[in-house]
$ cat structure-v9.csv   # CSV, C-alpha atoms
chain,number,residue,atom,x,y,z
A,271,MET,CA,-20.4,17.8,-15.7
A,272,ALA,CA,-18.7,15.4,-13.3
A,273,ALA,CA,-20.2,15.0,-9.9
A,274,ALA,CA,-18.2,16.4,-7.0
A,275,PHE,CA,-16.3,14.2,-4.6
A,276,THR,CA,-18.0,14.0,-1.1
A,277,SER,CA,-15.3,12.2,1.0
A,278,THR,CA,-13.7,13.4,4.2
A,279,LEU,CA,-10.2,12.8,2.7
A,280,PRO,CA,-9.3,16.5,2.1
A,281,GLU,CA,-10.1,17.5,5.7
A,282,ARG,CA,-8.1,14.5,7.1
A,283,VAL,CA,-5.1,15.3,4.8
A,284,GLY,CA,-5.0,18.9,5.9
A,285,ARG,CA,-5.4,18.1,9.6
A,286,LEU,CA,-2.8,15.3,9.7
A,287,THR,CA,-0.1,16.4,7.4
A,288,GLY,CA,0.2,20.2,7.6
A,289,CYS,CA,-0.4,20.7,3.9
A,290,ASP,CA,-2.6,23.1,2.1
A,291,VAL,CA,-5.6,21.2,0.7
A,292,THR,CA,-8.4,22.1,-1.7
A,293,ALA,CA,-11.4,19.8,-2.0
A,294,ASN,CA,-12.9,19.3,-5.5
A,295,ALA,CA,-10.3,21.5,-7.1
A,296,PRO,CA,-10.8,22.2,-10.8
A,297,LEU,CA,-7.9,20.7,-12.7
A,298,ALA,CA,-8.6,21.7,-16.3
A,299,PRO,CA,-7.0,25.2,-15.7
A,300,LEU,CA,-3.9,23.5,-14.4
A,301,THR,CA,-3.3,21.4,-17.6
A,302,SER,CA,-2.1,22.9,-20.9
A,303,VAL,CA,-4.9,21.2,-22.9
A,304,ARG,CA,-7.5,22.7,-20.5
A,305,VAL,CA,-9.8,19.6,-20.0
A,306,GLY,CA,-10.6,17.2,-17.2
A,307,GLY,CA,-12.6,17.0,-13.9
A,308,PRO,CA,-11.7,18.0,-10.4
A,309,ALA,CA,-9.2,16.6,-7.9
A,310,GLU,CA,-10.7,14.9,-4.8
A,311,ALA,CA,-7.9,16.6,-2.8
A,312,LEU,CA,-5.4,18.9,-4.4
A,313,VAL,CA,-2.5,19.2,-2.0
A,314,ARG,CA,0.3,21.8,-1.9
A,315,PRO,CA,2.9,20.9,0.8
A,316,ARG,CA,4.1,23.9,2.9
A,317,SER,CA,7.5,22.3,3.6
A,318,PRO,CA,9.7,19.3,2.8
A,319,ASP,CA,8.6,17.8,6.2
A,320,ALA,CA,5.0,18.2,5.3
A,321,LEU,CA,5.5,16.4,2.0
A,322,VAL,CA,7.1,13.4,3.7
A,323,ALA,CA,4.3,13.4,6.3
A,324,LEU,CA,1.8,13.4,3.4
A,325,LEU,CA,3.5,10.5,1.7
A,326,ARG,CA,3.6,8.6,5.0
A,327,PHE,CA,-0.1,9.2,5.4
A,328,LEU,CA,-0.9,8.0,1.9
A,329,ARG,CA,1.1,4.8,2.4
A,330,GLU,CA,-0.5,4.0,5.8
A,331,GLU,CA,-4.1,4.8,4.5
A,332,GLY,CA,-3.7,3.2,1.1
A,333,VAL,CA,-4.7,6.4,-0.7
A,334,PRO,CA,-3.7,6.8,-4.3
A,335,LEU,CA,-1.2,9.5,-5.3
A,336,THR,CA,-1.1,11.5,-8.5
A,337,VAL,CA,1.7,14.1,-9.0
A,338,LEU,CA,0.7,17.1,-11.2
A,339,GLY,CA,3.6,19.1,-12.6
A,340,GLY,CA,2.9,21.8,-15.2
A,341,GLY,CA,0.2,19.6,-16.7
A,342,ALA,CA,1.9,19.8,-20.1
A,343,ASN,CA,1.7,16.1,-21.0
A,344,THR,CA,-1.3,15.2,-18.8
A,345,LEU,CA,-4.8,14.2,-19.8
A,346,VAL,CA,-7.1,14.3,-16.8
A,347,GLY,CA,-10.3,12.3,-17.1
A,348,ASP,CA,-13.7,14.0,-17.0
A,349,GLY,CA,-14.5,12.1,-13.8
A,350,GLY,CA,-11.6,13.8,-12.0
A,351,ILE,CA,-8.8,12.3,-9.9
A,352,PRO,CA,-9.7,10.3,-6.8
A,353,GLY,CA,-7.3,10.4,-3.9
A,354,VAL,CA,-4.6,12.9,-3.5
A,355,THR,CA,-3.2,15.1,-6.3
A,356,VAL,CA,0.1,16.8,-5.3
A,357,LYS,CA,1.3,20.0,-6.9
A,358,LEU,CA,4.6,21.3,-5.6
A,359,PRO,CA,5.0,25.0,-5.1
A,360,SER,CA,7.8,26.4,-7.3
A,361,ASP,CA,9.7,27.7,-4.2
A,362,LEU,CA,9.3,24.7,-1.8
A,363,PHE,CA,13.0,23.8,-2.0
A,364,PRO,CA,16.0,26.1,-2.1
A,365,GLU,CA,17.9,26.7,-5.3
A,366,LEU,CA,21.7,26.2,-5.2
A,367,SER,CA,24.5,26.9,-7.6
A,368,ASP,CA,28.1,25.7,-7.6
A,369,MET,CA,30.2,27.4,-10.3
A,370,GLY,CA,33.6,26.2,-11.4
A,371,ALA,CA,36.0,27.4,-14.1
A,372,GLU,CA,34.8,24.9,-16.8
A,373,GLU,CA,31.3,23.9,-15.6
A,374,GLY,CA,28.6,24.6,-13.1
A,375,ARG,CA,25.9,22.8,-11.1
A,376,LEU,CA,22.4,24.2,-10.8
A,377,THR,CA,20.1,22.7,-8.2
A,378,LEU,CA,16.5,23.7,-8.8
A,379,GLY,CA,13.1,22.8,-7.4
A,380,ALA,CA,11.0,20.2,-9.2
A,381,GLY,CA,8.0,22.5,-9.1
A,382,ALA,CA,9.8,25.3,-11.0
A,383,ALA,CA,9.0,25.8,-14.7
A,384,ILE,CA,11.5,24.5,-17.2
A,385,VAL,CA,12.2,28.0,-18.3
A,386,ARG,CA,13.8,28.6,-14.8
A,387,LEU,CA,16.7,26.3,-15.8
A,388,ILE,CA,17.2,28.2,-19.1
A,389,ASN,CA,17.2,31.6,-17.3
A,390,GLN,CA,19.6,30.3,-14.6
A,391,MET,CA,21.9,28.7,-17.2
A,392,ARG,CA,22.3,32.0,-19.0
A,393,ALA,CA,22.6,34.1,-15.9
A,394,ASN,CA,25.6,31.9,-14.8
A,395,GLY,CA,27.3,31.8,-18.1
A,396,LEU,CA,26.5,28.2,-18.8
A,397,VAL,CA,25.3,26.4,-22.0
A,398,GLY,CA,24.1,22.9,-22.9
A,399,ALA,CA,20.3,22.8,-22.2
A,400,GLU,CA,19.2,24.8,-25.2
A,401,PHE,CA,17.0,22.0,-26.4
A,402,LEU,CA,14.7,22.5,-23.4
A,403,ALA,CA,14.0,26.1,-24.2
A,404,GLY,CA,10.3,26.6,-24.9
A,405,ILE,CA,9.2,23.3,-23.6
A,406,PRO,CA,6.2,23.8,-21.2
A,407,GLY,CA,5.9,22.1,-17.8
A,408,THR,CA,8.0,21.8,-14.7
A,409,LEU,CA,11.5,20.4,-14.1
A,410,GLY,CA,10.0,17.5,-12.1
A,411,GLY,CA,7.9,16.5,-15.1
A,412,ALA,CA,10.9,17.0,-17.4
A,413,VAL,CA,13.0,14.4,-15.6
A,414,THR,CA,10.1,12.0,-15.1
A,415,MET,CA,9.4,11.8,-18.8
A,416,ASN,CA,12.9,12.6,-20.0
A,417,ALA,CA,11.6,15.6,-21.9
A,418,GLY,CA,13.4,16.9,-25.0
A,419,THR,CA,13.4,17.5,-28.7
A,420,LYS,CA,15.2,16.1,-31.7
A,421,ASN,CA,18.2,18.1,-30.4
A,422,GLY,CA,18.6,16.4,-27.0
A,423,GLU,CA,16.9,15.0,-23.9
A,424,CYS,CA,16.7,16.0,-20.3
A,425,TYR,CA,19.0,13.4,-18.9
A,426,ARG,CA,21.9,14.7,-21.0
A,427,VAL,CA,22.3,17.5,-18.5
A,428,VAL,CA,21.0,15.9,-15.3
A,429,GLU,CA,23.5,14.9,-12.7
A,430,ALA,CA,21.2,13.7,-9.9
A,431,VAL,CA,17.5,13.7,-8.9
A,432,GLU,CA,16.2,14.3,-5.3
A,433,MET,CA,13.1,12.4,-4.3
A,434,ALA,CA,10.8,12.4,-1.3
A,435,THR,CA,9.3,9.2,-0.1
A,436,ALA,CA,7.4,8.2,3.1
A,437,ASP,CA,10.8,7.5,4.6
A,438,GLY,CA,12.4,10.9,3.9
A,439,VAL,CA,14.2,12.8,1.2
A,440,GLY,CA,17.4,11.8,-0.6
A,441,TRP,CA,19.4,12.1,-3.8
A,442,ILE,CA,19.6,9.5,-6.6
A,443,PRO,CA,22.6,9.7,-9.0
A,444,LYS,CA,21.7,9.7,-12.7
A,445,ALA,CA,23.6,6.4,-13.1
A,446,ASP,CA,21.1,4.7,-10.8
A,447,ILE,CA,18.0,6.0,-12.8
A,448,PRO,CA,17.2,3.8,-15.9
A,449,HIS,CA,16.1,6.1,-18.6
A,450,ARG,CA,15.4,6.1,-22.4
A,451,TYR,CA,13.6,8.2,-25.0
A,452,ARG,CA,10.7,10.0,-23.2
A,453,HIS,CA,10.8,7.7,-20.2
A,454,SER,CA,12.6,7.3,-16.8
A,455,GLU,CA,12.2,4.7,-14.1
A,456,LEU,CA,12.1,6.6,-10.8
A,457,PRO,CA,11.0,4.9,-7.6
A,458,ALA,CA,7.3,4.3,-7.3
A,459,GLY,CA,5.4,6.2,-4.6
A,460,GLY,CA,7.9,9.0,-4.5
A,461,VAL,CA,7.8,12.7,-5.6
A,462,VAL,CA,10.7,14.4,-7.4
A,463,THR,CA,11.7,17.4,-5.2
A,464,ARG,CA,14.8,18.9,-6.8
A,465,VAL,CA,17.0,18.3,-9.8
A,466,ARG,CA,20.8,18.9,-10.1
A,467,PHE,CA,22.0,19.9,-13.5
A,468,LEU,CA,25.6,19.8,-14.7
A,469,LEU,CA,26.4,22.2,-17.5
A,470,PRO,CA,29.5,23.4,-19.2
A,471,ARG,CA,30.6,27.0,-19.9
A,472,GLY,CA,30.5,27.9,-23.5
A,473,ASP,CA,29.6,30.4,-26.2
A,474,LEU,CA,26.6,32.3,-24.9
A,475,GLU,CA,25.8,34.1,-28.2
A,476,ALA,CA,25.8,30.8,-30.0
A,477,SER,CA,23.6,29.3,-27.3
A,478,LYS,CA,21.1,32.2,-27.6
A,479,LYS,CA,21.1,31.9,-31.4
A,480,ALA,CA,20.3,28.2,-31.2
A,481,MET,CA,17.4,28.8,-28.8
A,482,ASP,CA,16.0,31.6,-30.9
A,483,GLU,CA,16.1,29.6,-34.1
A,484,ASP,CA,14.5,26.6,-32.4
A,485,LEU,CA,11.7,28.7,-30.9
A,486,ALA,CA,11.0,30.4,-34.2
A,487,TYR,CA,10.8,27.0,-35.9
A,488,ARG,CA,8.3,25.7,-33.3
A,489,LYS,CA,6.1,28.8,-33.7
A,490,ARG,CA,5.9,28.1,-37.4
A,491,SER,CA,5.3,24.4,-37.2
A,492,GLN,CA,3.3,23.8,-33.9
A,493,PRO,CA,0.0,25.2,-32.6
A,494,LEU,CA,1.4,27.0,-29.6
A,495,SER,CA,-1.4,29.5,-29.5
A,496,GLN,CA,-4.1,26.9,-28.8
A,497,PRO,CA,-4.5,24.7,-25.7
A,498,ASN,CA,-2.6,21.5,-26.3
A,499,PHE,CA,-0.3,19.0,-24.6
A,500,GLY,CA,2.5,18.9,-27.1
A,501,SER,CA,3.3,15.7,-28.9
A,502,VAL,CA,0.7,13.1,-28.5
A,503,PHE,CA,2.8,10.1,-29.5
A,504,THR,CA,6.5,9.3,-29.3
A,505,ASN,CA,8.2,8.9,-32.7
A,506,PRO,CA,8.5,5.2,-33.7
A,507,PRO,CA,12.0,4.1,-34.7
A,508,GLY,CA,13.1,5.5,-38.0
A,509,ASP,CA,9.9,7.5,-38.6
A,510,PHE,CA,7.7,10.3,-37.3
A,511,ALA,CA,4.3,10.0,-35.6
A,512,GLY,CA,3.1,13.2,-37.3
A,513,ARG,CA,3.9,11.9,-40.7
A,514,LEU,CA,2.1,8.6,-40.2
A,515,ILE,CA,-1.0,10.3,-38.8
A,516,GLU,CA,-1.1,12.7,-41.8
A,517,THR,CA,-0.7,9.8,-44.3
A,518,VAL,CA,-3.9,8.2,-42.9
A,519,GLY,CA,-5.9,11.3,-43.5
A,520,LEU,CA,-6.4,12.5,-39.9
A,521,LYS,CA,-4.7,15.9,-40.0
A,522,GLY,CA,-7.4,18.4,-39.1
A,523,HIS,CA,-9.9,15.7,-38.0
A,524,ILE,CA,-12.3,16.8,-35.3
A,525,ILE,CA,-14.2,14.9,-32.6
A,526,GLY,CA,-16.4,17.1,-30.4
A,527,ARG,CA,-14.3,20.1,-29.7
A,528,ALA,CA,-10.9,18.4,-30.0
A,529,GLN,CA,-8.9,18.5,-33.3
A,530,VAL,CA,-5.8,17.0,-34.8
A,531,SER,CA,-3.8,20.1,-35.4
A,532,THR,CA,-3.7,21.5,-38.9
A,533,LEU,CA,-0.2,22.6,-38.3
A,534,HIS,CA,1.3,19.3,-36.9
A,535,ALA,CA,-0.6,16.0,-37.0
A,536,ASN,CA,1.0,14.7,-33.8
A,537,TRP,CA,-0.7,17.4,-31.8
A,538,ILE,CA,-4.2,17.6,-30.5
A,539,VAL,CA,-5.7,21.0,-29.8
A,540,ASN,CA,-8.7,22.1,-27.7
A,541,LEU,CA,-11.0,24.3,-29.9
A,542,GLY,CA,-12.7,25.5,-26.8
A,543,GLY,CA,-15.0,23.4,-24.6
A,544,ALA,CA,-13.4,20.1,-25.4
A,545,THR,CA,-13.8,17.2,-22.9
A,546,ALA,CA,-11.3,14.5,-22.0
A,547,ARG,CA,-13.6,12.1,-23.7
A,548,ASP,CA,-13.3,14.1,-27.0
A,549,VAL,CA,-9.5,14.2,-26.7
A,550,PHE,CA,-9.1,10.5,-25.8
A,551,SER,CA,-11.5,9.4,-28.6
A,552,LEU,CA,-9.3,11.4,-31.0
A,553,LEU,CA,-6.1,9.9,-29.6
A,554,THR,CA,-7.5,6.4,-29.9
A,555,LEU,CA,-8.7,7.0,-33.5
A,556,MET,CA,-5.2,8.2,-34.4
A,557,GLN,CA,-3.6,5.2,-32.9
A,558,SER,CA,-6.0,2.6,-34.4
A,559,ARG,CA,-6.0,4.2,-37.9
A,560,VAL,CA,-2.1,4.1,-38.1
A,561,ARG,CA,-2.1,0.6,-36.7
A,562,GLU,CA,-4.6,-0.6,-39.3
A,563,GLU,CA,-3.3,1.2,-42.3
A,564,ARG,CA,0.4,1.4,-41.7
A,565,GLY,CA,1.1,-1.5,-39.4
A,566,VAL,CA,2.8,0.7,-36.8
A,567,GLU,CA,1.8,0.9,-33.1
A,568,LEU,CA,2.0,4.5,-31.8
A,569,HIS,CA,2.8,4.8,-28.1
A,570,PRO,CA,1.2,7.8,-26.3
A,571,GLU,CA,3.6,10.4,-24.8
A,572,VAL,CA,0.7,11.8,-22.9
A,573,LYS,CA,0.0,10.5,-19.4
A,574,ARG,CA,-3.6,9.7,-18.8
A,575,VAL,CA,-4.8,10.1,-15.1
A,576,GLY,CA,-8.1,10.0,-13.3
A,577,VAL,CA,-11.5,8.6,-14.2
A,578,PHE,CA,-12.5,8.4,-17.9
A,579,GLU,CA,-16.3,8.2,-18.1
A,580,PRO,CA,-17.9,6.0,-20.8
$ encode --input "structure-v9.csv" --output "structure tokens"
Amino acid sequence: MAAAFTSTLPERVGRLTGCDVTANAPLAPLTSVRVGGPAEALVRPRSPDALVALLRFLREEGVPLTVLGGGANTLVGDGGIPGVTVKLPSDLFPELSDMGAEEGRLTLGAGAAIVRLINQMRANGLVGAEFLAGIPGTLGGAVTMNAGTKNGECYRVVEAVEMATADGVGWIPKADIPHRYRHSELPAGGVVTRVRFLLPRGDLEASKKAMDEDLAYRKRSQPLSQPNFGSVFTNPPGDFAGRLIETVGLKGHIIGRAQVSTLHANWIVNLGGATARDVFSLLTLMQSRVREERGVELHPEVKRVGVFEP
């Protein structure tokens, strides 16, 4: 078990920024794969001003920042995360809606779960974000990694992203955010606070049918009942990571208590009691075996944070 952090950082952050701080906070329960060590200081801002004060403190003190959304695509090292780990409350920023005859805008907090967008879309008679239904994680994480499926990606329905920095809070239009498959280039050192979505009005029954069919397919083909972090690797051009991993014989392979899913070879599941070392060793094996036998370099979709012990 990883040793606890013993610094005075959590006390100083709480005293100087007005945020709620937990020292040596367990992070495994906050990630969907359920592995990893503690945060030196897990911080939940009480207000937008407190978040800006926190970011100013971190800049002045040179303290590293990690932002934890829903933990759906995050692998935390067994040695935990030094510095400050920020987790935004789902209700830190107000929700707004602006409905027109043909389309509507929904402004939602970055700390809210992705399903909040789906629920608000339907409640307001809008369509267009069906491909995000069933994806775990938060809206902040979704825009950071441009989450999506084969049917679409997040930035298709994003109009603008609000970010907090040490200098304040402001909006960035989508046109000013470079983005591509499973990636966006948001300003370093900032925290996504809200996202504004632009969605059209449309056929609500067809929208519901599309989401129901997609969710049913995922339940049949993905190990949703086991701790996991979704797809491990992005799909290479013209191919599928899961197909490549299966062809090199790793479907179902186990290291420690981590396993390449028997349902989908581009997923790693925690069989119970897995460590970050187990998961990362398996991820590395999948990557090297496909490189050696198929000549394809797989790129992780999973974000690795914290200290990975040898």
$ residues_around --input "structure-v9.csv" --residues "range 384-390 of chain A" --least-positions-apart "2" --cutoff "6 Å" --atoms "only C-alpha atoms" --output "list of chain:residue names"
A:Arg392, A:Ala393, A:Thr408, A:Leu409
$ atom_distance --input "structure-v9.csv" --atom1 "CA of Ala274 in chain A" --atom2 "CA of Ser302 in chain A"
22.2 Å
$ atom_distance --input "structure-v9.csv" --atom1 "CA of Trp441 in chain A" --atom2 "CA of Val337 in chain A"
18.6 Å
$ residues_around --input "structure-v9.csv" --residues "range 502-506 of chain A" --least-positions-apart "4" --cutoff "6 Å" --atoms "all atoms listed in the file" --output "compact mmCIF listing (two decimals) with C-alpha atoms, keeping the file's coordinate frame"
# COMPACT_ATOMS: atom_id res chain seq x y z
CA PHE A 510 7.70 10.30 -37.30
CA ALA A 511 4.30 10.00 -35.60
CA ASN A 536 1.00 14.70 -33.80
CA TRP A 537 -0.70 17.40 -31.80
CA HIS A 569 2.80 4.80 -28.10
CA PRO A 570 1.20 7.80 -26.30
CA GLU A 571 3.60 10.40 -24.80
CA VAL A 572 0.70 11.80 -22.90
$ closest_residue --input "structure-v9.csv" --among "A:Ile447, A:Val356, A:Leu345, A:Leu396" --to "Asp473 in chain A" --atoms "all atoms listed in the file"
A:Leu396
$ closest_residue --input "structure-v9.csv" --among "A:Arg285, A:Arg375, A:Arg513, A:Lys357" --to "Leu297 in chain A" --atoms "only C-alpha atoms"
A:Lys357
$ atom_distance --input "structure-v9.csv" --atom1 "CA of Met433 in chain A" --atom2 "CA of Pro457 in chain A"
8.5 Å
$ closest_residue --input "structure-v9.csv" --among "A:Lys573, A:Arg282, A:Arg471, A:Arg329" --to "Met415 in chain A" --atoms "all atoms listed in the file"
A:Lys573
$ residues_around --input "structure-v9.csv" --residues "Arg314 in chain A" --least-positions-apart "6" --cutoff "9 Å" --atoms "all atoms listed in the file" --output "list in words"
Cys289, Asp290, Val291, Thr292, Leu321, Thr355, Val356, Lys357, Leu358 and Pro359 of chain A
$ decode --input "structure-v9.csv" --residues "range 544-560 of chain A" --atoms "N, CA and C atoms" --output "tab-separated table (two decimals), in the first residue's frame"
chain	number	residue	atom	x	y	z
A	544	ALA	N	-7.30	-5.22	-8.34
A	544	ALA	CA	-6.23	-4.86	-9.27
A	544	ALA	C	-5.50	-3.62	-8.78
A	545	THR	N	-4.23	-3.48	-9.16
A	545	THR	CA	-3.45	-2.29	-8.89
A	545	THR	C	-3.23	-1.53	-10.19
A	546	ALA	N	-2.81	-0.29	-10.07
A	546	ALA	CA	-2.46	0.48	-11.26
A	546	ALA	C	-1.31	-0.20	-12.00
A	547	ARG	N	-0.40	-0.80	-11.23
A	547	ARG	CA	0.71	-1.52	-11.86
A	547	ARG	C	0.20	-2.67	-12.72
A	548	ASP	N	-0.79	-3.43	-12.23
A	548	ASP	CA	-1.39	-4.51	-13.03
A	548	ASP	C	-1.96	-3.96	-14.33
A	549	VAL	N	-2.73	-2.89	-14.21
A	549	VAL	CA	-3.41	-2.32	-15.37
A	549	VAL	C	-2.40	-1.77	-16.37
A	550	PHE	N	-1.42	-1.03	-15.87
A	550	PHE	CA	-0.45	-0.42	-16.78
A	550	PHE	C	0.42	-1.49	-17.44
A	551	SER	N	0.76	-2.54	-16.71
A	551	SER	CA	1.55	-3.63	-17.31
A	551	SER	C	0.77	-4.29	-18.45
A	552	LEU	N	-0.52	-4.46	-18.25
A	552	LEU	CA	-1.36	-5.06	-19.28
A	552	LEU	C	-1.49	-4.14	-20.49
A	553	LEU	N	-1.69	-2.86	-20.22
A	553	LEU	CA	-1.77	-1.86	-21.30
A	553	LEU	C	-0.48	-1.85	-22.12
A	554	THR	N	0.65	-1.88	-21.44
A	554	THR	CA	1.94	-1.87	-22.13
A	554	THR	C	2.14	-3.12	-22.97
A	555	LEU	N	1.72	-4.27	-22.44
A	555	LEU	CA	1.83	-5.52	-23.19
A	555	LEU	C	0.97	-5.47	-24.44
A	556	MET	N	-0.25	-4.98	-24.34
A	556	MET	CA	-1.13	-4.87	-25.50
A	556	MET	C	-0.49	-4.00	-26.57
A	557	GLN	N	0.08	-2.89	-26.15
A	557	GLN	CA	0.70	-1.95	-27.07
A	557	GLN	C	1.92	-2.56	-27.76
A	558	SER	N	2.80	-3.21	-26.98
A	558	SER	CA	4.03	-3.76	-27.55
A	558	SER	C	3.75	-4.96	-28.45
A	559	ARG	N	2.80	-5.81	-28.06
A	559	ARG	CA	2.50	-6.99	-28.87
A	559	ARG	C	1.93	-6.60	-30.23
A	560	VAL	N	1.04	-5.61	-30.25
A	560	VAL	CA	0.48	-5.16	-31.53
A	560	VAL	C	1.55	-4.49	-32.38
